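Enquirer: I have a structure I would like to understand better, so I am pasting it below and will then ask my questions one at a time.
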Amino acid sequence: MASPFSGALQLTDLDDFIGPSQDCIKPVKADRRPGSGVAKIHIQDDGSYFQVHQDGGSQKLEKAKVSLNDCLACSGCVTSAETVLIAQQSHEELRKVLRANEAAAPGQQKLVVVSVSPQSRASLAARFQLNPTETAKKLTSFFKKIGAHFVFDTAFSRNFSLLESQREFVRRFREQAGSPQALPLLASACPGWICYAEKTHGPLLTPHLSTARSPQQVMGSLVKDFFAQQQGLAPDKVYHVTVMPCYDKKLEASRPDFFNHEYQTRDVDCVLTTGEVYKLLEEQGVSLPDLEPAPLDSLPSSVSAEEPTSHRGGGSGGYLEHVFRHAARELFGIHVDELTYRPLRNKDFQEVTLEREGQVLLHFAAAYGFRNIQNLVQKLRRGRCPYHYVEVMACPAGCLNGGGQLRAADMPSRELLQQVEKLYASVRVEAPEDTPGVPELYRHWLQGEDSARASRLLHTQYHAVEKADSGLSIRW
Ligand code: SF4
């Protein structure tokens, strides 16, 4: 079975795939009381397990299930768990919630909020030959027609991800003399890369990962905290769906770090890929171009949204560009207008430097795709990584080429990607710090830029997974 996940997560060469039909179960939990000796297990015809004691008595054993959160430690079951997750976060799930809303008594409905990524919008725009503004308005119309109450754009939440990344870099650059792991800072918006970093080289890589939340997870904070409060609702009364370019984002949404224990709810309840939205359109018999456009919603209600906006610096969010410009200005008083990329081994591994009088002040790189990630990891392992910051993305060519994007049967993928890139870049760009609503949200919602609230709602943490040292473990 082909995996829909990014290359960094696919285990195509490893013959240890466990299909979802094969239960991910520790077969038995044996009672190992002191003095009980070696446990004898008897398996009944119906598949139940009994522990046979030395005195001849027996005791039925419980099956110990391994949840997704437990199982991210070994390569064998990852694919299985991820495949199960796809089923849990699908357009079918969204339909279930919408049907339950229709049947619910007044006041018992959930508020359904959909947050669409600019990458997904560009992919749908290319498929339907619409411009990004038309696509955004028609998607809003579609989601409202099927029962959503609000439709937002994750370019808005990306403002916070970029600003937090910029600040974190400057702080860590200043700390580097006393803290050897402060740099390089590695971008963390790609969950495929994060999952790989935590599981395969956790102790080496996790200290370098930027703690800034990705746009999807900042949107989770905005919707379940800020927006829910504005609507006078508890977070669990809001059902939050995101539309994303890859399946890996489903994994990100399911991380325990993004679960609200008090209200037993996730910041993002369901992630749909661009392809799943396309399927939803087909199943509903809706042609996107034929829909009447609807006005765009804006998350801070005080701001009106006439057209979608985006950021400079490419289809994966522009982390490198924003951090580079900000750091050049903040640390060295240098204004950078255009960045000059120097391709290294291939076009998915490029670097940028800031120099003054022959001295390199800043050295950044973008490493996309599994091969380039491996190369970067080798440099780090050998202590020979020359970079201060690296924008790391699991997909070759980045997020516009994510595994959940639409493919075309009648067009080479390179040509389609070029179209999607052109559409993505055709919207007006805004600097994150100047985006209407952002400074106000920092002031009122987050209570300041460096506040404890900003740290809780805009940052996250990583968990290095200790690898079992067995003959079966495979070094990536
Ligand atoms: Fe998803 Fe982008 Fe990472 Fe690909 S590069 S796995 S699309 S976040």
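Each chain of the structure tokens is named A, B, ... in the order shown, its residues numbered from 1; ligands are numbered from 1 in display order.
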With the cut-off set at 10 Å and counting only C-alpha atoms and all ligand atoms, tabulate each residue of chain A with an atom at most that distance from an atom of ligand 1, showing the nearest atom pair and its distance in Å to one decimal, ordered by chain and increasing number, as CSV.

Expert:
residue,atom,partner,partner_atom_place_in_ligand_line,distance
A:Pro4,CA,ligand 1,6 (S),10.0
A:Phe5,CA,ligand 1,6 (S),7.0
A:Ser6,CA,ligand 1,6 (S),4.9
A:Gly7,CA,ligand 1,6 (S),7.9
A:Ala8,CA,ligand 1,6 (S),8.0
A:Leu9,CA,ligand 1,6 (S),8.6
A:Gln119,CA,ligand 1,7 (S),8.5
A:Ser120,CA,ligand 1,7 (S),9.7
A:Ser188,CA,ligand 1,8 (S),9.1
A:Ala189,CA,ligand 1,8 (S),6.3
A:Cys190,CA,ligand 1,8 (S),3.7
A:Pro191,CA,ligand 1,3 (Fe),5.7
A:Gly192,CA,ligand 1,6 (S),4.7
A:Trp193,CA,ligand 1,3 (Fe),6.5
A:Ile194,CA,ligand 1,3 (Fe),8.8
A:Cys195,CA,ligand 1,6 (S),10.0
A:Ser214,CA,ligand 1,8 (S),8.9
A:Pro215,CA,ligand 1,8 (S),9.9
A:Gln216,CA,ligand 1,8 (S),9.7
A:Met244,CA,ligand 1,7 (S),7.7
A:Pro245,CA,ligand 1,7 (S),5.0
A:Cys246,CA,ligand 1,1 (Fe),4.5
A:Tyr247,CA,ligand 1,1 (Fe),6.9
A:Asp248,CA,ligand 1,6 (S),5.4
A:Lys249,CA,ligand 1,1 (Fe),6.2
A:Lys250,CA,ligand 1,1 (Fe),9.6
A:Glu252,CA,ligand 1,8 (S),9.5
A:Thr273,CA,ligand 1,7 (S),9.8
A:Gly315,CA,ligand 1,2 (Fe),8.7
A:Ser316,CA,ligand 1,2 (Fe),6.1
A:Gly317,CA,ligand 1,2 (Fe),8.9
A:Tyr368,CA,ligand 1,5 (S),7.3
A:Gly369,CA,ligand 1,5 (S),7.7
A:Val392,CA,ligand 1,5 (S),7.9
A:Met393,CA,ligand 1,5 (S),4.2
A:Ala394,CA,ligand 1,5 (S),4.4
A:Cys395,CA,ligand 1,4 (Fe),4.2
A:Pro396,CA,ligand 1,5 (S),7.3
A:Ala397,CA,ligand 1,5 (S),7.9
A:Gly398,CA,ligand 1,5 (S),4.5
A:Cys399,CA,ligand 1,2 (Fe),3.4
A:Leu400,CA,ligand 1,7 (S),6.5
A:Asn401,CA,ligand 1,7 (S),6.3
A:Gly402,CA,ligand 1,7 (S),3.6
A:Gly403,CA,ligand 1,7 (S),6.3
A:Gly404,CA,ligand 1,7 (S),7.4
A:Gln405,CA,ligand 1,7 (S),8.2

Enquirer: Please produce an output containing N, CA and C atoms for each residue in the selection, written as a tab-separated table (two decimals), in the first residue's frame.

Expert:
chain	number	residue	atom	x	y	z
A	4	PRO	N	0.57	7.88	1.85
A	4	PRO	CA	0.34	9.25	1.37
A	4	PRO	C	1.19	10.27	2.11
A	5	PHE	N	2.00	9.83	3.08
A	5	PHE	CA	2.75	10.77	3.90
A	5	PHE	C	4.00	11.26	3.18
A	6	SER	N	4.62	12.29	3.73
A	6	SER	CA	5.81	12.85	3.12
A	6	SER	C	6.93	11.82	3.09
A	7	GLY	N	7.90	12.05	2.20
A	7	GLY	CA	8.99	11.10	2.03
A	7	GLY	C	9.71	10.78	3.32
A	8	ALA	N	9.85	11.81	4.19
A	8	ALA	CA	10.59	11.60	5.44
A	8	ALA	C	9.88	10.59	6.32
A	9	LEU	N	8.61	10.38	6.12
A	9	LEU	CA	7.87	9.44	6.97
A	9	LEU	C	7.60	8.11	6.30
A	119	GLN	N	-1.70	27.12	0.56
A	119	GLN	CA	-1.20	26.11	-0.39
A	119	GLN	C	-2.37	25.31	-0.98
A	120	SER	N	-3.33	24.95	-0.13
A	120	SER	CA	-4.49	24.20	-0.62
A	120	SER	C	-5.32	25.07	-1.56
A	188	SER	N	10.38	24.55	12.24
A	188	SER	CA	9.60	23.43	12.79
A	188	SER	C	8.17	23.39	12.27
A	189	ALA	N	7.88	24.08	11.17
A	189	ALA	CA	6.49	24.13	10.70
A	189	ALA	C	6.07	22.87	9.96
A	190	CYS	N	7.04	22.01	9.63
A	190	CYS	CA	6.72	20.80	8.85
A	190	CYS	C	6.65	19.58	9.78
A	191	PRO	N	5.46	19.01	9.97
A	191	PRO	CA	5.33	17.89	10.91
A	191	PRO	C	6.02	16.60	10.43
A	192	GLY	N	6.20	16.47	9.11
A	192	GLY	CA	6.92	15.30	8.61
A	192	GLY	C	8.36	15.33	9.11
A	193	TRP	N	8.95	16.48	9.01
A	193	TRP	CA	10.33	16.68	9.48
A	193	TRP	C	10.41	16.54	11.00
A	194	ILE	N	9.43	17.08	11.71
A	194	ILE	CA	9.46	17.01	13.18
A	194	ILE	C	9.39	15.55	13.64
A	195	CYS	N	8.49	14.81	13.02
A	195	CYS	CA	8.31	13.41	13.39
A	195	CYS	C	9.61	12.64	13.15
A	214	SER	N	3.47	25.90	14.35
A	214	SER	CA	3.21	26.04	12.92
A	214	SER	C	1.93	26.87	12.72
A	215	PRO	N	1.71	27.38	11.51
A	215	PRO	CA	0.47	28.14	11.26
A	215	PRO	C	-0.80	27.34	11.62
A	216	GLN	N	-0.79	26.03	11.34
A	216	GLN	CA	-1.99	25.24	11.69
A	216	GLN	C	-2.23	25.29	13.20
A	244	MET	N	-5.31	21.35	4.54
A	244	MET	CA	-3.84	21.40	4.49
A	244	MET	C	-3.28	20.63	3.28
A	245	PRO	N	-2.05	20.94	2.88
A	245	PRO	CA	-1.48	20.29	1.69
A	245	PRO	C	-0.92	18.90	1.93
A	246	CYS	N	-0.95	18.39	3.17
A	246	CYS	CA	-0.35	17.07	3.39
A	246	CYS	C	-1.05	16.30	4.50
A	247	TYR	N	-0.85	14.98	4.49
A	247	TYR	CA	-1.41	14.10	5.53
A	247	TYR	C	-0.65	14.25	6.84
A	248	ASP	N	0.60	14.66	6.77
A	248	ASP	CA	1.41	14.79	7.98
A	248	ASP	C	0.79	15.77	8.97
A	249	LYS	N	0.01	16.70	8.45
A	249	LYS	CA	-0.63	17.69	9.33
A	249	LYS	C	-1.66	17.02	10.24
A	250	LYS	N	-2.16	15.87	9.84
A	250	LYS	CA	-3.10	15.13	10.72
A	250	LYS	C	-2.34	14.63	11.95
A	252	GLU	N	0.30	16.08	13.19
A	252	GLU	CA	0.59	17.25	14.02
A	252	GLU	C	-0.60	17.58	14.91
A	273	THR	N	-7.10	17.08	3.77
A	273	THR	CA	-6.13	17.48	2.75
A	273	THR	C	-6.88	18.16	1.61
A	315	GLY	N	6.57	28.99	-1.26
A	315	GLY	CA	5.34	28.28	-0.93
A	315	GLY	C	5.33	27.52	0.38
A	316	SER	N	6.44	27.52	1.11
A	316	SER	CA	6.43	26.79	2.38
A	316	SER	C	6.29	27.74	3.57
A	317	GLY	N	6.00	28.99	3.29
A	317	GLY	CA	5.73	29.91	4.38
A	317	GLY	C	6.70	31.08	4.48
A	368	TYR	N	15.09	20.93	1.55
A	368	TYR	CA	13.79	20.31	1.31
A	368	TYR	C	13.99	18.87	0.84
A	369	GLY	N	13.11	18.00	1.27
A	369	GLY	CA	13.16	16.61	0.80
A	369	GLY	C	14.08	15.78	1.66
A	392	VAL	N	13.68	23.73	7.06
A	392	VAL	CA	13.65	22.32	6.68
A	392	VAL	C	12.21	21.92	6.35
A	393	MET	N	12.03	21.29	5.21
A	393	MET	CA	10.70	20.81	4.79
A	393	MET	C	10.85	19.40	4.24
A	394	ALA	N	9.92	18.55	4.59
A	394	ALA	CA	10.05	17.14	4.19
A	394	ALA	C	9.80	16.90	2.70
A	395	CYS	N	8.97	17.74	2.08
A	395	CYS	CA	8.62	17.47	0.67
A	395	CYS	C	9.60	18.15	-0.28
A	396	PRO	N	10.07	17.45	-1.29
A	396	PRO	CA	10.85	18.12	-2.33
A	396	PRO	C	9.99	19.23	-2.92
A	397	ALA	N	10.57	20.40	-3.12
A	397	ALA	CA	9.86	21.58	-3.62
A	397	ALA	C	8.92	22.20	-2.58
A	398	GLY	N	8.85	21.63	-1.39
A	398	GLY	CA	8.10	22.26	-0.30
A	398	GLY	C	6.62	21.99	-0.29
A	399	CYS	N	5.89	22.84	0.45
A	399	CYS	CA	4.48	22.55	0.76
A	399	CYS	C	3.54	22.61	-0.44
A	400	LEU	N	3.89	23.36	-1.48
A	400	LEU	CA	2.98	23.40	-2.63
A	400	LEU	C	2.95	22.05	-3.33
A	401	ASN	N	3.95	21.23	-3.01
A	401	ASN	CA	4.06	19.90	-3.60
A	401	ASN	C	3.74	18.82	-2.55
A	402	GLY	N	2.98	19.19	-1.53
A	402	GLY	CA	2.67	18.24	-0.45
A	402	GLY	C	1.88	17.03	-0.93
A	403	GLY	N	1.95	15.97	-0.14
A	403	GLY	CA	1.32	14.71	-0.52
A	403	GLY	C	-0.21	14.76	-0.57
A	404	GLY	N	-0.81	15.82	-0.02
A	404	GLY	CA	-2.28	15.92	-0.04
A	404	GLY	C	-2.79	16.83	-1.13
A	405	GLN	N	-1.87	17.40	-1.94
A	405	GLN	CA	-2.28	18.32	-3.00
A	405	GLN	C	-2.86	17.56	-4.20

Enquirer: Tell me which protein, DNA and RNA residues are within 9 Å of range 223-229 of chain A, counting only C-alpha atoms, leaving out same-chain ones fewer than 5 positions away, and put them as a PyMOL selection string.

Expert: chain A and resi 111+113+218+234-240+266-268+299-300+441+445+457

Enquirer: Could you list, as a PyMOL selection string, every residue within 10 Å of Val97 in chain A, counting only C-alpha atoms and ignoring same-chain residues fewer than 6 positions away?

Expert: chain A and resi 91+103+109-110+112+147+239

Enquirer: Could you pull the residues within 7 Å of Ala367 in chain A, counting only C-alpha atoms, minus those fewer than 6 positions along the same chain, as a PyMOL selection string?

Expert: chain A and resi 348-350+373+390-393

Enquirer: Restricting it to all heavy atoms, dump the selection as a compact mmCIF listing (two decimals), in the first residue's frame.

Expert:
# COMPACT_ATOMS: atom_id res chain seq x y z
N ASP A 348 16.75 22.00 -4.27
CA ASP A 348 16.08 21.90 -2.98
C ASP A 348 17.04 22.06 -1.80
O ASP A 348 16.65 21.83 -0.65
CB ASP A 348 15.37 20.54 -2.87
CG ASP A 348 13.98 20.60 -3.49
OD1 ASP A 348 13.43 21.71 -3.57
OD2 ASP A 348 13.46 19.55 -3.88
N PHE A 349 18.29 22.35 -2.09
CA PHE A 349 19.25 22.65 -1.02
C PHE A 349 19.97 23.92 -1.43
O PHE A 349 20.83 23.90 -2.30
CB PHE A 349 20.23 21.49 -0.84
CG PHE A 349 20.90 21.45 0.52
CD1 PHE A 349 21.61 20.32 0.92
CD2 PHE A 349 20.82 22.52 1.41
CE1 PHE A 349 22.21 20.25 2.16
CE2 PHE A 349 21.41 22.46 2.65
CZ PHE A 349 22.11 21.33 3.04
N GLN A 350 19.58 25.03 -0.81
CA GLN A 350 20.14 26.32 -1.20
C GLN A 350 20.59 27.07 0.04
O GLN A 350 20.07 26.84 1.12
CB GLN A 350 19.07 27.16 -1.89
CG GLN A 350 18.40 26.47 -3.05
CD GLN A 350 17.56 27.45 -3.85
OE1 GLN A 350 18.10 28.30 -4.53
NE2 GLN A 350 16.26 27.34 -3.75
N ILE A 373 17.61 16.47 3.82
CA ILE A 373 17.51 16.41 5.28
C ILE A 373 18.59 15.47 5.82
O ILE A 373 19.28 15.79 6.80
CB ILE A 373 16.09 15.94 5.72
CG1 ILE A 373 15.07 17.05 5.45
CG2 ILE A 373 16.08 15.56 7.20
CD1 ILE A 373 13.63 16.68 5.77
N VAL A 390 18.12 26.95 9.41
CA VAL A 390 17.78 26.13 8.24
C VAL A 390 16.26 25.97 8.18
O VAL A 390 15.62 25.60 9.17
CB VAL A 390 18.44 24.73 8.27
CG1 VAL A 390 18.22 24.01 6.94
CG2 VAL A 390 19.92 24.82 8.58
N GLU A 391 15.71 26.30 7.02
CA GLU A 391 14.28 26.05 6.78
C GLU A 391 14.18 24.62 6.24
O GLU A 391 14.61 24.35 5.12
CB GLU A 391 13.75 27.06 5.74
CG GLU A 391 12.27 26.88 5.44
CD GLU A 391 11.77 27.89 4.42
OE1 GLU A 391 11.65 29.07 4.76
OE2 GLU A 391 11.51 27.49 3.26
N VAL A 392 13.68 23.73 7.06
CA VAL A 392 13.65 22.32 6.68
C VAL A 392 12.21 21.92 6.35
O VAL A 392 11.29 22.19 7.13
CB VAL A 392 14.15 21.41 7.84
CG1 VAL A 392 14.36 19.99 7.35
CG2 VAL A 392 15.42 21.96 8.45
N MET A 393 12.03 21.29 5.21
CA MET A 393 10.70 20.81 4.79
C MET A 393 10.85 19.40 4.24
O MET A 393 11.79 19.12 3.48
CB MET A 393 10.12 21.72 3.69
CG MET A 393 9.85 23.14 4.15
SD MET A 393 8.42 23.26 5.23
CE MET A 393 8.78 24.80 6.08

Enquirer: Could you work out how far CA of Glu433 in chain A lies from CA of Glu351 in chain A, giving the answer in Å with one decimal?

Expert: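 These atoms are spaced 25.1 Å apart.
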
Enquirer: From a DSSP calculation on the backbone, collect every residue of range 44-265 of chain A in strand (DSSP E or B) and output the set as number ranges by chain.

Expert: A: 49-52, 58-60, 64-65, 111-116, 150-153, 185-186, 209, 212, 238-244, 259-260, 265

Enquirer: What does the distance from CA of Gly220 in chain A to CA of Lys279 in chain A come to in Å, to one decimal?

Expert: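 CA of Lys279 in chain A lies 24.1 Å from CA of Gly220 in chain A.
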
Enquirer: Could you pull the residues within 9 Å of Glu466 in chain A, counting only C-alpha atoms, minus those fewer than 5 positions along the same chain, as a ChimeraX atom specification?

Expert: /A:73,198-203

Enquirer: Quick one, how far is CA of Gln374 in chain A from CA of Pro386 in chain A?

Expert: 15.3 Å

Enquirer: Quick one: residues within 10 Å of Ser287 in chain A, only C-alpha atoms counted, chain neighbours fewer than 6 positions away excluded, as a VMD selection string?

Expert: chain A and resid 128 138 142 278 281

Enquirer: Can you list, as an NGL selection string, every protein, DNA or RNA residue that comes within 10 Å of Asp450 in chain A when you count only C-alpha atoms, leaving out same-chain residues fewer than 5 positions away?

Expert: :A and (164 or 167 or 442 or 455)
